[in-house]
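Asker: Below is query-v7.cif; it holds mmCIF, C-alpha atoms.
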data_run
loop_
_atom_site.label_atom_id
_atom_site.label_comp_id
_atom_site.auth_asym_id
_atom_site.auth_seq_id
_atom_site.Cartn_x
_atom_site.Cartn_y
_atom_site.Cartn_z
CA MET R 17 -28.90 -16.75 19.58
CA THR R 18 -25.22 -16.39 20.42
CA LEU R 19 -24.32 -16.53 16.75
CA HIS R 20 -26.87 -13.88 16.01
CA GLN R 21 -25.51 -11.65 18.77
CA ARG R 22 -21.98 -12.14 17.54
CA ALA R 23 -22.97 -11.10 14.05
CA ARG R 24 -24.75 -8.04 15.42
CA ILE R 25 -21.72 -7.01 17.43
CA ILE R 26 -19.47 -7.42 14.38
CA ALA R 27 -21.80 -5.32 12.24
CA ALA R 28 -21.94 -2.65 14.93
CA PHE R 29 -18.19 -2.69 15.30
CA ALA R 30 -17.68 -2.23 11.56
CA GLU R 31 -20.13 0.64 11.56
CA GLU R 32 -18.31 2.37 14.43
CA ALA R 33 -14.85 1.73 12.96
CA SER R 34 -15.81 3.01 9.53
CA ARG R 35 -17.27 6.19 11.01
CA LYS R 36 -14.65 7.06 13.60
CA GLY R 37 -11.57 5.05 12.75
CA TYR R 38 -10.49 2.00 14.71
CA LYS R 39 -8.59 3.85 17.41
CA ALA R 40 -11.58 5.92 18.45
CA VAL R 41 -13.96 2.95 18.72
CA THR R 42 -15.10 2.13 22.25
CA VAL R 43 -16.71 -1.08 23.46
CA ALA R 44 -19.43 1.09 25.03
CA ALA R 45 -20.40 2.54 21.66
CA VAL R 46 -20.34 -0.89 20.01
CA VAL R 47 -22.64 -2.53 22.58
CA LYS R 48 -24.98 0.43 22.41
CA ARG R 49 -25.22 0.22 18.64
CA ALA R 50 -25.58 -3.58 18.72
CA ARG R 51 -28.16 -3.32 21.53
CA VAL R 52 -26.45 -5.99 23.62
CA ALA R 53 -25.13 -5.94 27.18
CA ARG R 54 -21.47 -5.23 27.84
CA GLY R 55 -21.21 -8.73 29.32
CA THR R 56 -22.43 -10.19 26.03
CA PHE R 57 -19.63 -8.42 24.21
CA TYR R 58 -17.07 -10.01 26.52
CA ASP R 59 -18.75 -13.42 26.23
CA ASN R 60 -17.95 -13.25 22.53
CA PHE R 61 -14.71 -11.28 22.36
CA SER R 62 -11.81 -10.90 24.73
CA SER R 63 -11.09 -7.28 23.79
CA LYS R 64 -11.75 -4.49 21.33
CA GLU R 65 -8.88 -5.75 19.19
CA ASP R 66 -10.24 -9.29 19.21
CA CYS R 67 -13.57 -8.00 17.92
CA PHE R 68 -11.78 -5.90 15.29
CA LEU R 69 -9.86 -8.89 13.97
CA ALA R 70 -13.06 -10.95 13.91
CA ALA R 71 -14.84 -8.19 11.96
CA GLN R 72 -11.96 -7.97 9.53
CA ASP R 73 -11.90 -11.73 8.96
CA PHE R 74 -15.67 -11.84 8.64
CA ALA R 75 -15.62 -9.11 5.99
CA MET R 76 -12.86 -10.72 3.93
CA SER R 77 -14.29 -14.22 4.13
CA SER R 78 -17.76 -12.98 3.13
CA ALA R 79 -16.19 -11.18 0.19
CA LEU R 80 -14.34 -14.34 -0.82
CA GLU R 81 -17.55 -16.36 -0.49
CA ARG R 82 -19.29 -13.98 -2.86
CA VAL R 83 -16.42 -14.25 -5.31
CA VAL R 84 -16.49 -18.03 -5.24
CA ALA R 85 -20.30 -18.13 -5.50
CA ALA R 86 -20.24 -15.88 -8.56
CA ALA R 87 -17.21 -17.33 -10.28
CA GLY R 88 -16.41 -20.77 -8.92
CA GLU R 89 -18.51 -22.68 -11.44
CA ILE R 90 -17.28 -20.89 -14.54
CA GLU R 91 -15.02 -23.09 -16.68
CA ASP R 92 -13.23 -20.41 -18.64
CA TRP R 93 -10.55 -18.76 -16.46
CA PRO R 94 -10.70 -15.23 -17.89
CA GLN R 95 -14.48 -15.23 -17.54
CA ARG R 96 -14.10 -16.49 -14.00
CA VAL R 97 -11.82 -13.54 -13.22
CA VAL R 98 -14.26 -10.91 -14.51
CA ALA R 99 -17.19 -12.49 -12.70
CA GLY R 100 -15.20 -12.80 -9.48
CA LEU R 101 -13.93 -9.26 -9.67
CA ALA R 102 -17.43 -7.96 -10.38
CA ALA R 103 -18.74 -9.80 -7.31
CA PHE R 104 -15.92 -8.40 -5.16
CA LEU R 105 -16.58 -4.82 -6.24
CA ARG R 106 -20.28 -5.30 -5.65
CA TYR R 107 -19.61 -6.55 -2.14
CA LEU R 108 -17.56 -3.45 -1.32
CA VAL R 109 -20.36 -1.21 -2.52
CA GLU R 110 -23.11 -3.11 -0.71
CA GLU R 111 -21.21 -3.39 2.56
CA PRO R 112 -19.35 -0.10 2.90
CA ALA R 113 -18.74 -0.42 6.65
CA LEU R 114 -17.29 -3.92 6.40
CA ALA R 115 -15.34 -2.89 3.29
CA ARG R 116 -13.74 -0.01 5.10
CA THR R 117 -13.01 -2.18 8.10
CA CYS R 118 -11.16 -4.85 6.15
CA MET R 119 -9.43 -2.59 3.60
CA ILE R 120 -8.69 0.72 5.37
CA GLU R 121 -8.89 0.19 9.12
CA ALA R 122 -7.10 -3.16 8.82
CA LEU R 123 -3.95 -1.43 7.62
CA ALA R 124 -4.23 1.25 10.28
CA GLY R 125 -4.81 -1.09 13.20
CA GLY R 126 -1.28 -2.27 13.91
CA PRO R 127 0.71 -5.49 13.44
CA ALA R 128 -2.02 -8.03 14.26
CA SER R 129 -4.57 -6.59 11.87
CA VAL R 130 -1.99 -6.05 9.13
CA GLU R 131 -1.08 -9.70 9.53
CA HIS R 132 -4.72 -10.70 8.99
CA TYR R 133 -4.91 -8.37 6.00
CA GLU R 134 -1.80 -9.97 4.51
CA LYS R 135 -3.33 -13.43 4.91
CA SER R 136 -6.54 -12.45 3.14
CA LEU R 137 -4.55 -10.82 0.35
CA GLN R 138 -2.68 -14.10 -0.01
CA ALA R 139 -5.96 -15.99 -0.48
CA PHE R 140 -6.71 -13.80 -3.50
CA VAL R 141 -3.17 -14.28 -4.78
CA SER R 142 -3.59 -18.06 -4.71
CA LEU R 143 -6.90 -17.87 -6.56
CA PHE R 144 -5.21 -15.84 -9.24
CA GLN R 145 -2.32 -18.18 -9.82
CA LEU R 146 -4.66 -20.44 -11.77
CA GLY R 147 -4.19 -17.98 -14.64
CA ARG R 148 -0.81 -19.54 -15.31
CA ASP R 149 -2.53 -22.67 -16.56
CA VAL R 150 -4.07 -20.79 -19.47
CA SER R 151 -1.32 -18.31 -20.27
CA PRO R 152 0.59 -19.05 -23.48
CA HIS R 153 3.77 -17.70 -21.89
CA ALA R 154 3.29 -19.02 -18.36
CA GLY R 155 6.92 -20.05 -18.11
CA GLU R 156 8.14 -16.48 -18.51
CA LEU R 157 5.81 -14.76 -16.05
CA PRO R 158 7.56 -13.18 -13.07
CA GLU R 159 7.14 -15.16 -9.88
CA THR R 160 5.57 -12.23 -8.03
CA LEU R 161 3.07 -11.34 -10.77
CA GLU R 162 -0.10 -12.31 -8.89
CA GLU R 163 1.04 -10.47 -5.79
CA ALA R 164 1.61 -7.34 -7.86
CA ILE R 165 -1.74 -7.61 -9.64
CA ILE R 166 -3.72 -8.13 -6.44
CA GLY R 167 -1.66 -5.40 -4.76
CA GLY R 168 -2.48 -3.01 -7.61
CA ILE R 169 -6.20 -3.80 -7.51
CA PHE R 170 -6.32 -3.45 -3.72
CA TRP R 171 -4.42 -0.17 -3.94
CA ILE R 172 -6.96 1.33 -6.34
CA LEU R 173 -9.80 0.13 -4.13
CA TRP R 174 -8.05 1.35 -0.96
CA GLN R 175 -7.82 4.79 -2.53
CA ARG R 176 -11.46 4.94 -3.56
CA LEU R 177 -12.59 3.72 -0.13
CA LEU R 178 -10.28 6.16 1.63
CA LEU R 179 -11.73 9.05 -0.34
CA ALA R 180 -15.21 7.59 0.17
CA GLU R 181 -15.72 7.43 -3.59
CA THR R 182 -17.76 4.27 -3.22
CA GLU R 183 -20.06 5.06 -6.14
CA GLN R 184 -17.10 4.85 -8.53
CA ILE R 185 -16.05 1.40 -7.49
CA GLU R 186 -18.20 -0.73 -9.77
CA GLY R 187 -17.30 1.45 -12.74
CA LEU R 188 -13.70 0.30 -12.32
CA LEU R 189 -14.51 -3.22 -13.51
CA PRO R 190 -13.30 -2.79 -17.13
CA GLU R 191 -9.98 -1.18 -16.14
CA LEU R 192 -9.24 -3.62 -13.36
CA THR R 193 -10.11 -6.59 -15.56
CA GLU R 194 -7.76 -5.42 -18.29
CA PHE R 195 -5.06 -4.73 -15.77
CA ALA R 196 -5.44 -8.22 -14.29
CA LEU R 197 -5.72 -10.24 -17.48
CA THR R 198 -3.29 -8.48 -19.82
CA PRO R 199 -0.12 -10.01 -18.36
CA TYR R 200 -1.51 -13.51 -18.98
CA LEU R 201 -3.38 -13.10 -22.24
CA GLY R 202 -2.21 -9.86 -23.86
CA ALA R 203 -4.25 -6.66 -24.16
CA GLU R 204 -6.46 -7.76 -27.02
CA ALA R 205 -7.65 -11.01 -25.47
CA ALA R 206 -8.21 -9.19 -22.16
CA ARG R 207 -10.54 -6.75 -23.90
CA GLY R 208 -12.31 -9.60 -25.67
CA THR R 209 -13.02 -11.25 -22.33
CA LEU R 210 -14.61 -8.08 -21.08
CA ASP R 211 -16.81 -7.69 -24.17
CA HIS R 212 -17.99 -11.24 -23.77
CA PHE R 213 -18.79 -10.68 -20.09
CA ASN R 214 -20.75 -7.54 -20.88
CA LYS R 215 -22.76 -9.38 -23.53
CA LEU R 216 -23.66 -12.09 -21.02
CA ALA R 217 -24.53 -9.51 -18.39
CA SER R 218 -26.80 -7.40 -20.58
CA MET Z 24 14.94 11.48 -18.88
CA SER Z 25 14.03 14.65 -17.03
CA ASP Z 26 12.38 14.03 -13.72
CA PRO Z 27 8.60 14.43 -14.23
CA ILE Z 28 8.24 15.79 -10.75
CA ASN Z 29 11.01 18.25 -10.33
CA THR Z 30 12.17 18.12 -6.77
CA SER Z 31 15.80 19.05 -7.16
CA ALA Z 32 15.27 22.60 -5.87
CA ASP Z 33 14.00 21.66 -2.43
CA ALA Z 34 15.40 18.18 -1.95
CA THR Z 35 16.10 17.66 1.72
CA GLU Z 36 19.33 15.99 2.62
CA PHE Z 37 18.27 13.51 5.16
CA PRO Z 38 20.80 10.87 6.15
CA PRO Z 39 23.86 13.13 6.48
CA GLU Z 40 21.97 15.31 8.92
CA LEU Z 41 21.10 12.33 11.00
CA ALA Z 42 24.67 12.13 12.16
CA ARG Z 43 24.73 12.72 15.89
CA LEU Z 44 26.54 15.59 17.45
CA PRO Z 45 29.20 14.53 19.86
CA PRO Z 46 28.00 14.92 23.43
CA GLY Z 47 29.17 17.83 25.55
CA ARG Z 48 30.05 21.37 24.59
CA HIS Z 49 30.93 21.75 20.97
CA GLY Z 50 30.80 25.49 20.37
CA LEU Z 51 28.54 25.13 17.33
CA PRO Z 52 26.22 27.97 16.40
CA ARG Z 53 22.87 27.83 18.18
CA GLU Z 54 20.87 27.65 15.00
CA PHE Z 55 22.84 24.64 13.85
CA VAL Z 56 22.33 22.93 17.18
CA ALA Z 57 18.60 23.53 17.03
CA HIS Z 58 18.44 22.16 13.50
CA ASN Z 59 20.52 19.20 14.47
CA GLN Z 60 18.33 18.51 17.50
CA ARG Z 61 15.33 18.39 15.27
CA GLU Z 62 17.04 15.92 12.97
CA ARG Z 63 18.11 13.88 15.97
CA LEU Z 64 14.56 13.75 17.23
CA ILE Z 65 13.39 12.60 13.81
CA ALA Z 66 16.04 9.87 13.78
CA GLY Z 67 15.13 9.03 17.38
CA LEU Z 68 11.52 8.63 16.40
CA ALA Z 69 12.44 6.29 13.53
CA GLU Z 70 14.46 4.12 15.91
CA ALA Z 71 11.78 4.14 18.59
CA VAL Z 72 9.08 3.23 16.08
CA ALA Z 73 11.21 0.41 14.69
CA GLU Z 74 11.53 -0.92 18.22
CA ASN Z 75 8.01 -0.42 19.56
CA GLY Z 76 5.71 0.20 16.60
CA TYR Z 77 4.04 3.58 16.26
CA ALA Z 78 1.26 2.88 18.75
CA GLY Z 79 3.72 1.67 21.39
CA THR Z 80 6.13 4.57 20.98
CA THR Z 81 6.18 7.24 23.67
CA ILE Z 82 7.85 10.62 23.74
CA ALA Z 83 10.20 9.22 26.37
CA HIS Z 84 11.35 6.57 23.88
CA ILE Z 85 12.00 9.25 21.27
CA THR Z 86 13.97 11.56 23.55
CA ARG Z 87 16.02 8.65 24.87
CA HIS Z 88 17.03 7.59 21.36
CA ALA Z 89 17.72 11.20 20.39
CA ALA Z 90 19.57 11.87 23.65
CA VAL Z 91 17.78 15.18 24.18
CA SER Z 92 15.49 16.37 26.95
CA ARG Z 93 11.72 16.24 26.93
CA ARG Z 94 11.69 20.03 26.92
CA THR Z 95 13.77 20.06 23.76
CA PHE Z 96 11.25 17.72 22.18
CA TYR Z 97 8.45 20.19 22.88
CA GLU Z 98 10.51 23.08 21.54
CA HIS Z 99 10.41 21.36 18.16
CA PHE Z 100 7.18 19.39 18.09
CA ASN Z 101 3.72 19.63 19.63
CA SER Z 102 3.14 15.92 19.85
CA LYS Z 103 4.28 12.48 18.83
CA ASP Z 104 2.07 12.76 15.73
CA ASP Z 105 3.67 16.06 14.82
CA CYS Z 106 7.14 14.52 15.06
CA PHE Z 107 6.01 11.54 12.98
CA VAL Z 108 4.70 13.80 10.23
CA ALA Z 109 8.06 15.60 10.12
CA ALA Z 110 9.87 12.28 9.95
CA TYR Z 111 7.59 11.00 7.24
CA ASP Z 112 8.03 14.12 5.13
CA ALA Z 113 11.81 13.98 5.50
CA VAL Z 114 11.97 10.33 4.47
CA MET Z 115 9.73 10.83 1.46
CA ALA Z 116 11.60 13.94 0.33
CA GLU Z 117 14.82 11.97 0.41
CA LEU Z 118 13.31 8.98 -1.35
CA ARG Z 119 11.87 11.22 -4.04
CA SER Z 120 15.13 12.98 -4.65
CA ARG Z 121 17.00 9.66 -4.95
CA VAL Z 122 14.42 8.31 -7.38
CA GLY Z 123 14.37 11.55 -9.38
CA GLU Z 124 18.14 11.68 -9.60
CA ALA Z 125 18.45 8.08 -10.79
CA PHE Z 126 15.64 8.59 -13.29
CA ASP Z 127 17.31 11.75 -14.65
CA GLN Z 128 20.55 10.02 -15.42
CA GLU Z 129 19.14 7.78 -18.13
CA ASP Z 130 18.23 8.92 -21.62
CA GLU Z 131 15.64 6.31 -22.47
CA TRP Z 132 12.44 5.88 -20.49
CA PRO Z 133 12.66 2.11 -19.89
CA GLN Z 134 16.15 2.48 -18.42
CA ALA Z 135 15.10 5.56 -16.48
CA ALA Z 136 12.15 3.73 -14.93
CA ARG Z 137 14.38 0.81 -14.08
CA ALA Z 138 16.96 3.10 -12.46
CA GLY Z 139 14.26 4.85 -10.43
CA ILE Z 140 12.90 1.56 -9.10
CA ALA Z 141 16.42 0.36 -8.31
CA ALA Z 142 17.15 3.57 -6.39
CA MET Z 143 13.97 3.18 -4.38
CA LEU Z 144 14.73 -0.43 -3.45
CA GLU Z 145 18.31 0.42 -2.55
CA PHE Z 146 17.29 3.35 -0.32
CA LEU Z 147 14.73 1.24 1.55
CA ARG Z 148 17.18 -1.63 1.99
CA ALA Z 149 19.92 0.64 3.29
CA GLU Z 150 17.54 2.38 5.73
CA PRO Z 151 15.40 -0.39 7.23
CA HIS Z 152 14.00 1.81 10.02
CA LEU Z 153 12.96 4.48 7.59
CA ALA Z 154 11.55 1.84 5.25
CA ARG Z 155 9.31 0.52 7.99
CA LEU Z 156 8.33 3.98 9.09
CA SER Z 157 7.35 5.15 5.62
CA MET Z 158 5.70 2.01 4.25
CA VAL Z 159 4.11 0.27 7.23
CA GLU Z 160 3.85 2.57 10.23
CA ALA Z 161 2.62 5.55 8.19
CA LEU Z 162 -0.70 3.78 7.82
CA VAL Z 163 -0.98 3.29 11.59
CA ALA Z 164 -0.17 6.88 12.46
CA GLY Z 165 -3.57 8.39 11.83
CA PRO Z 166 -5.45 10.28 9.11
CA VAL Z 167 -2.96 13.13 8.64
CA VAL Z 168 -0.18 10.73 7.74
CA VAL Z 169 -2.44 8.47 5.69
CA GLU Z 170 -3.25 11.44 3.45
CA ARG Z 171 0.44 12.14 3.03
CA TYR Z 172 1.13 8.48 2.36
CA ASP Z 173 -1.53 8.46 -0.32
CA ALA Z 174 -0.13 11.61 -1.92
CA ALA Z 175 3.45 10.33 -1.78
CA ILE Z 176 2.55 7.11 -3.56
CA GLN Z 177 0.52 9.02 -6.14
CA ASN Z 178 3.63 11.11 -6.70
CA LEU Z 179 5.27 8.12 -8.35
CA VAL Z 180 2.59 7.96 -11.05
CA PRO Z 181 4.18 10.55 -13.42
CA TYR Z 182 7.36 8.46 -13.72
CA PHE Z 183 5.27 5.75 -15.35
CA GLN Z 184 3.00 8.10 -17.27
CA ALA Z 185 6.16 9.28 -19.00
CA GLY Z 186 6.24 5.80 -20.56
CA ARG Z 187 3.20 6.63 -22.69
CA GLU Z 188 5.17 9.09 -24.75
CA GLY Z 189 5.91 7.93 -28.26
CA ARG Z 190 4.11 4.59 -27.92
CA PRO Z 191 2.08 3.35 -30.90
CA ALA Z 192 -1.67 3.99 -30.90
CA GLU Z 193 -2.59 0.36 -30.28
CA VAL Z 194 -0.47 0.30 -27.13
CA LEU Z 195 -2.02 3.53 -25.86
CA ALA Z 196 -5.49 2.15 -26.55
CA GLY Z 197 -4.74 -0.69 -24.14
CA LEU Z 198 -3.91 1.68 -21.28
CA SER Z 199 -6.65 2.98 -19.00
CA PRO Z 200 -6.67 6.15 -16.88
CA THR Z 201 -5.81 4.06 -13.82
CA THR Z 202 -3.06 1.92 -15.37
CA GLU Z 203 -0.24 3.83 -13.70
CA GLU Z 204 -2.00 3.94 -10.34
CA ALA Z 205 -2.45 0.18 -10.45
CA LEU Z 206 1.19 -0.37 -11.44
CA VAL Z 207 2.46 1.85 -8.66
CA GLY Z 208 0.05 0.26 -6.19
CA GLY Z 209 1.17 -3.22 -7.13
CA MET Z 210 4.82 -2.25 -6.82
CA VAL Z 211 4.33 -0.59 -3.45
CA SER Z 212 2.29 -3.52 -2.19
CA LEU Z 213 5.04 -5.95 -3.11
CA ILE Z 214 7.60 -3.79 -1.33
CA SER Z 215 5.46 -3.16 1.76
CA ARG Z 216 4.72 -6.83 2.27
CA ARG Z 217 8.43 -7.63 2.38
CA ILE Z 218 9.07 -4.80 4.80
CA PHE Z 219 6.19 -5.86 7.03
CA ALA Z 220 7.46 -9.42 7.06
CA GLY Z 221 10.93 -8.23 8.12
CA ARG Z 222 12.45 -9.32 4.79
CA ILE Z 223 13.95 -5.96 3.87
CA GLU Z 224 17.21 -7.44 2.63
CA GLU Z 225 15.25 -9.18 -0.15
CA LEU Z 226 14.10 -5.86 -1.67
CA PRO Z 227 16.87 -5.40 -4.27
CA ALA Z 228 16.14 -8.89 -5.62
CA LEU Z 229 12.63 -7.69 -6.55
CA LEU Z 230 14.07 -5.39 -9.21
CA PRO Z 231 13.65 -7.67 -12.27
CA ASP Z 232 10.07 -8.61 -11.35
CA LEU Z 233 9.07 -5.01 -10.66
CA VAL Z 234 10.64 -3.75 -13.86
CA GLU Z 235 8.97 -6.42 -15.94
CA PHE Z 236 5.62 -5.83 -14.24
CA THR Z 237 5.65 -2.06 -14.67
CA LEU Z 238 7.09 -1.89 -18.20
CA THR Z 239 4.97 -4.63 -19.79
CA PRO Z 240 1.92 -2.42 -20.48
CA TYR Z 241 4.10 -0.02 -22.48
CA LEU Z 242 6.66 -2.29 -24.12
CA GLY Z 243 4.97 -5.68 -24.22
CA SER Z 244 6.17 -8.59 -22.14
CA ALA Z 245 9.12 -9.70 -24.28
CA GLU Z 246 10.76 -6.27 -24.43
CA ALA Z 247 9.96 -5.57 -20.75
CA ALA Z 248 11.56 -8.86 -19.75
CA LYS Z 249 14.69 -7.90 -21.68
CA VAL Z 250 15.05 -4.60 -19.81
CA ALA Z 251 14.26 -6.37 -16.55
CA ARG Z 252 17.01 -8.93 -16.96
CA GLN Z 253 19.74 -6.72 -18.36
CA ASP Z 254 22.78 -6.13 -16.20
CA ALA Z 255 22.64 -2.88 -14.31
#
As a first step, turn the structure in this file into structure tokens.

Answerer:
Amino acid sequence: MTLHQRARIIAAFAEEASRKGYKAVTVAAVVKRARVARGTFYDNFSSKEDCFLAAQDFAMSSALERVVAAAGEIEDWPQRVVAGLAAFLRYLVEEPALARTCMIEALAGGPASVEHYEKSLQAFVSLFQLGRDVSPHAGELPETLEEAIIGGIFWILWQRLLLAETEQIEGLLPELTEFALTPYLGAEAARGTLDHFNKLAS
Amino acid sequence: MSDPINTSADATEFPPELARLPPGRHGLPREFVAHNQRERLIAGLAEAVAENGYAGTTIAHITRHAAVSRRTFYEHFNSKDDCFVAAYDAVMAELRSRVGEAFDQEDEWPQAARAGIAAMLEFLRAEPHLARLSMVEALVAGPVVVERYDAAIQNLVPYFQAGREGRPAEVLAGLSPTTEEALVGGMVSLISRRIFAGRIEELPALLPDLVEFTLTPYLGSAEAAKVARQDA
């Protein structure tokens, strides 16, 4: 019951934040949308910010779960990247309120939420570093490469979410895949990976 | 290389104007004083934001740092947000003119791109308050500034698009319409994370990595690495 209420409050919070922006969210509006008592809100969260951080973490960890579920079992690293990226994009499209909360509002919320955002970004960076194992020139790759790739992907997605161009997000898969894989494999092999993925998907 | 976004005509000179007027009567023309007060308020805001974060900054903080009265603040700005927007625009105009100037001084695109990135890193390192204001706090300051932030970052795209010129067809085929956006986004993300973490002094050391990252799609990794590791 409590868990269920907590989830409902988080969903309501994300909905409010994505509509009005984090600053304008009130606990009153959240409890109304979640159809819970004000006391229930404070049983679960100590403040509006606490709930915001929980919503942000929930969104990012659900996205990561989807990525791992879609890609974790795949042996071939480049194929794992495309599948993971596809799952991530899909998540953003299916959960626009949570997506906006963890990608847009997170950066606008102040130091605590930016800190959480940074940590989730780092989780993606670590996942990506596995690419070094398969790169023929792993020794020469810049140390910050994964950070830059994830930063670039998140920037493109931040932009599309900011402009509410959600319908374009899944169409970005080929470009983002090429962008992510080219530094490790070269442009040609990156394109080959994508063709292979599309064949499997169709 | 000629600057792909020509800003030389209206480049604002920011840091020199931040110099404070000596206190007391100085006999300077009224217009100059007013202009200088505005610049002082902008500098005051940058200091106050560095100290308290944007959300925690009050107009009292700003006027204290600027050493002007509250009334003077309202002669120049309607609100804290209004002052922030002015500060943001001034910082970005200065950053753009530094990048454009450095870019202009090189004949070849790879060197021009490298010089532009170096100028950006150097400006941010030398002005830590402004770095924080423009790369971290801008996102906190509300929708008006977020739009400007977005536009300012997008403004860097043409410097990299210039790298497409004269590349062989097979290289161009490997570039997508969003390649430059992703490169700029990755670069800015790397920079912002260091600023957020209070590691501003590390920025210049990012130069080789950023150059290699951004030039690789155009030159290939071996050639990009060479430009990245050359002595300035």

Asker: Convert the output of the PyMOL selection byres ((chain R) within 10 of (chain Z)) on the shown file into explicit residues, formatted as a short mmCIF file (atom, residue, chain, number, x, y, z; two decimals) with C-alpha atoms, keeping the file's coordinate frame.

Answerer:
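File written: expr_23.cif
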data_model
loop_
_atom_site.label_atom_id
_atom_site.label_comp_id
_atom_site.auth_asym_id
_atom_site.auth_seq_id
_atom_site.Cartn_x
_atom_site.Cartn_y
_atom_site.Cartn_z
CA GLY R 37 -11.57 5.05 12.75
CA TYR R 38 -10.49 2.00 14.71
CA LYS R 39 -8.59 3.85 17.41
CA ILE R 120 -8.69 0.72 5.37
CA GLU R 121 -8.89 0.19 9.12
CA ALA R 122 -7.10 -3.16 8.82
CA LEU R 123 -3.95 -1.43 7.62
CA ALA R 124 -4.23 1.25 10.28
CA GLY R 125 -4.81 -1.09 13.20
CA GLY R 126 -1.28 -2.27 13.91
CA PRO R 127 0.71 -5.49 13.44
CA VAL R 130 -1.99 -6.05 9.13
CA GLU R 131 -1.08 -9.70 9.53
CA GLU R 134 -1.80 -9.97 4.51
CA HIS R 153 3.77 -17.70 -21.89
CA GLU R 156 8.14 -16.48 -18.51
CA LEU R 157 5.81 -14.76 -16.05
CA PRO R 158 7.56 -13.18 -13.07
CA GLU R 159 7.14 -15.16 -9.88
CA THR R 160 5.57 -12.23 -8.03
CA LEU R 161 3.07 -11.34 -10.77
CA GLU R 162 -0.10 -12.31 -8.89
CA GLU R 163 1.04 -10.47 -5.79
CA ALA R 164 1.61 -7.34 -7.86
CA ILE R 165 -1.74 -7.61 -9.64
CA ILE R 166 -3.72 -8.13 -6.44
CA GLY R 167 -1.66 -5.40 -4.76
CA GLY R 168 -2.48 -3.01 -7.61
CA ILE R 169 -6.20 -3.80 -7.51
CA PHE R 170 -6.32 -3.45 -3.72
CA TRP R 171 -4.42 -0.17 -3.94
CA ILE R 172 -6.96 1.33 -6.34
CA LEU R 173 -9.80 0.13 -4.13
CA TRP R 174 -8.05 1.35 -0.96
CA GLN R 175 -7.82 4.79 -2.53
CA LEU R 178 -10.28 6.16 1.63
CA LEU R 179 -11.73 9.05 -0.34
CA LEU R 188 -13.70 0.30 -12.32
CA PRO R 190 -13.30 -2.79 -17.13
CA GLU R 191 -9.98 -1.18 -16.14
CA LEU R 192 -9.24 -3.62 -13.36
CA GLU R 194 -7.76 -5.42 -18.29
CA PHE R 195 -5.06 -4.73 -15.77
CA ALA R 196 -5.44 -8.22 -14.29
CA THR R 198 -3.29 -8.48 -19.82
CA PRO R 199 -0.12 -10.01 -18.36
CA TYR R 200 -1.51 -13.51 -18.98
CA GLY R 202 -2.21 -9.86 -23.86
CA ALA R 203 -4.25 -6.66 -24.16
CA GLU R 204 -6.46 -7.76 -27.02
CA ALA R 206 -8.21 -9.19 -22.16
CA ARG R 207 -10.54 -6.75 -23.90
#

Asker: The PyMOL selection byres ((chain Z and resi 109) around 12) on the file shown: which residues, as a ChimeraX atom specification?

Answerer: /Z:35,37,61-66,68-69,99-108,110-116,156-157,161,167-168,171

Asker: Show me a table, sorted first by chain and then by increasing residue number, of the residues of range 134-188 of chain Z having an atom at most 8 Å from range 118-129 of chain Z, each with its shortest atom pair and the distance in Å to one decimal, counting all atoms listed in the file and written as a tab-separated table.

Answerer:
residue	atom	partner	partner_atom	distance
Z:Gln134	CA	Z:Glu129	CA	6.1
Z:Ala135	CA	Z:Phe126	CA	4.4
Z:Ala136	CA	Z:Phe126	CA	6.2
Z:Arg137	CA	Z:Phe126	CA	7.9
Z:Ala138	CA	Z:Ala125	CA	5.5
Z:Gly139	CA	Z:Val122	CA	4.6
Z:Ile140	CA	Z:Val122	CA	7.1
Z:Ala142	CA	Z:Val122	CA	5.6
Z:Met143	CA	Z:Val122	CA	6.0
Z:Phe146	CA	Z:Leu118	CA	7.0

Asker: Looking at all atoms listed in the file, which of Z:Ala83, Z:Ala89, Z:Ile28, Z:Ala154 is the one that sits closest to Ala185 in chain Z?

Answerer: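 Among the listed residues, Z:Ile28 lies closest to Ala185 in chain Z.
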
Asker: My list of candidates is Z:Pro133, Z:Glu145, Z:Asp26, Z:Leu153. Which is closest to Gln253 in chain Z when distances are computed with all atoms listed in the file?

Answerer: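 The shortest atom-to-atom distance to Gln253 in chain Z comes from Z:Pro133.
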
Asker: Write out as an MDAnalysis selection string the residues lying within 7 Å of range 100-115 of chain R, counting only C-alpha atoms and excluding same-chain residues fewer than 6 positions away.

Answerer: chainID R and resid 30:31 34 75 79 82:84 86:87 182 185:186 189

Asker: Going by the chain IDs and residue numbers used in this file, which residues fall under the PyMOL selection byres ((chain R and resi 68-74) around 7)? Write them as a list in words.

Answerer: Ile26, Ala30, Lys64, Glu65, Asp66, Cys67, Ala75, Met76, Ser77, Ser78, Thr117, Cys118, Ala122 and Ser129 of chain R

Asker: How many Å separate CA of Phe57 in chain R from CA of Ile25 in chain R?

Answerer: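 Calculated distance between CA of Phe57 in chain R and CA of Ile25 in chain R is 7.2 Å.
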
Asker: In Å, how far is it from CA of Glu246 in chain Z to CA of Val141 in chain R?

Answerer: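 Computing the Euclidean distance for CA of Glu246 in chain Z and CA of Val141 in chain R yields 25.4 Å.
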
Asker: List the spatial neighbours of Glu188 in chain Z as a CSV table (one decimal) with C-alpha atoms, in the frame of the given file - criterion: any atom at most 12 Å away, only C-alpha atoms, same-chain residues fewer than 4 positions off excluded.

Answerer:
chain,number,residue,atom,x,y,z
Z,24,MET,CA,14.9,11.5,-18.9
Z,131,GLU,CA,15.6,6.3,-22.5
Z,132,TRP,CA,12.4,5.9,-20.5
Z,133,PRO,CA,12.7,2.1,-19.9
Z,181,PRO,CA,4.2,10.6,-13.4
Z,182,TYR,CA,7.4,8.5,-13.7
Z,183,PHE,CA,5.3,5.8,-15.4
Z,184,GLN,CA,3.0,8.1,-17.3
Z,192,ALA,CA,-1.7,4.0,-30.9
Z,194,VAL,CA,-0.5,0.3,-27.1
Z,195,LEU,CA,-2.0,3.5,-25.9
Z,241,TYR,CA,4.1,0.0,-22.5
Z,242,LEU,CA,6.7,-2.3,-24.1
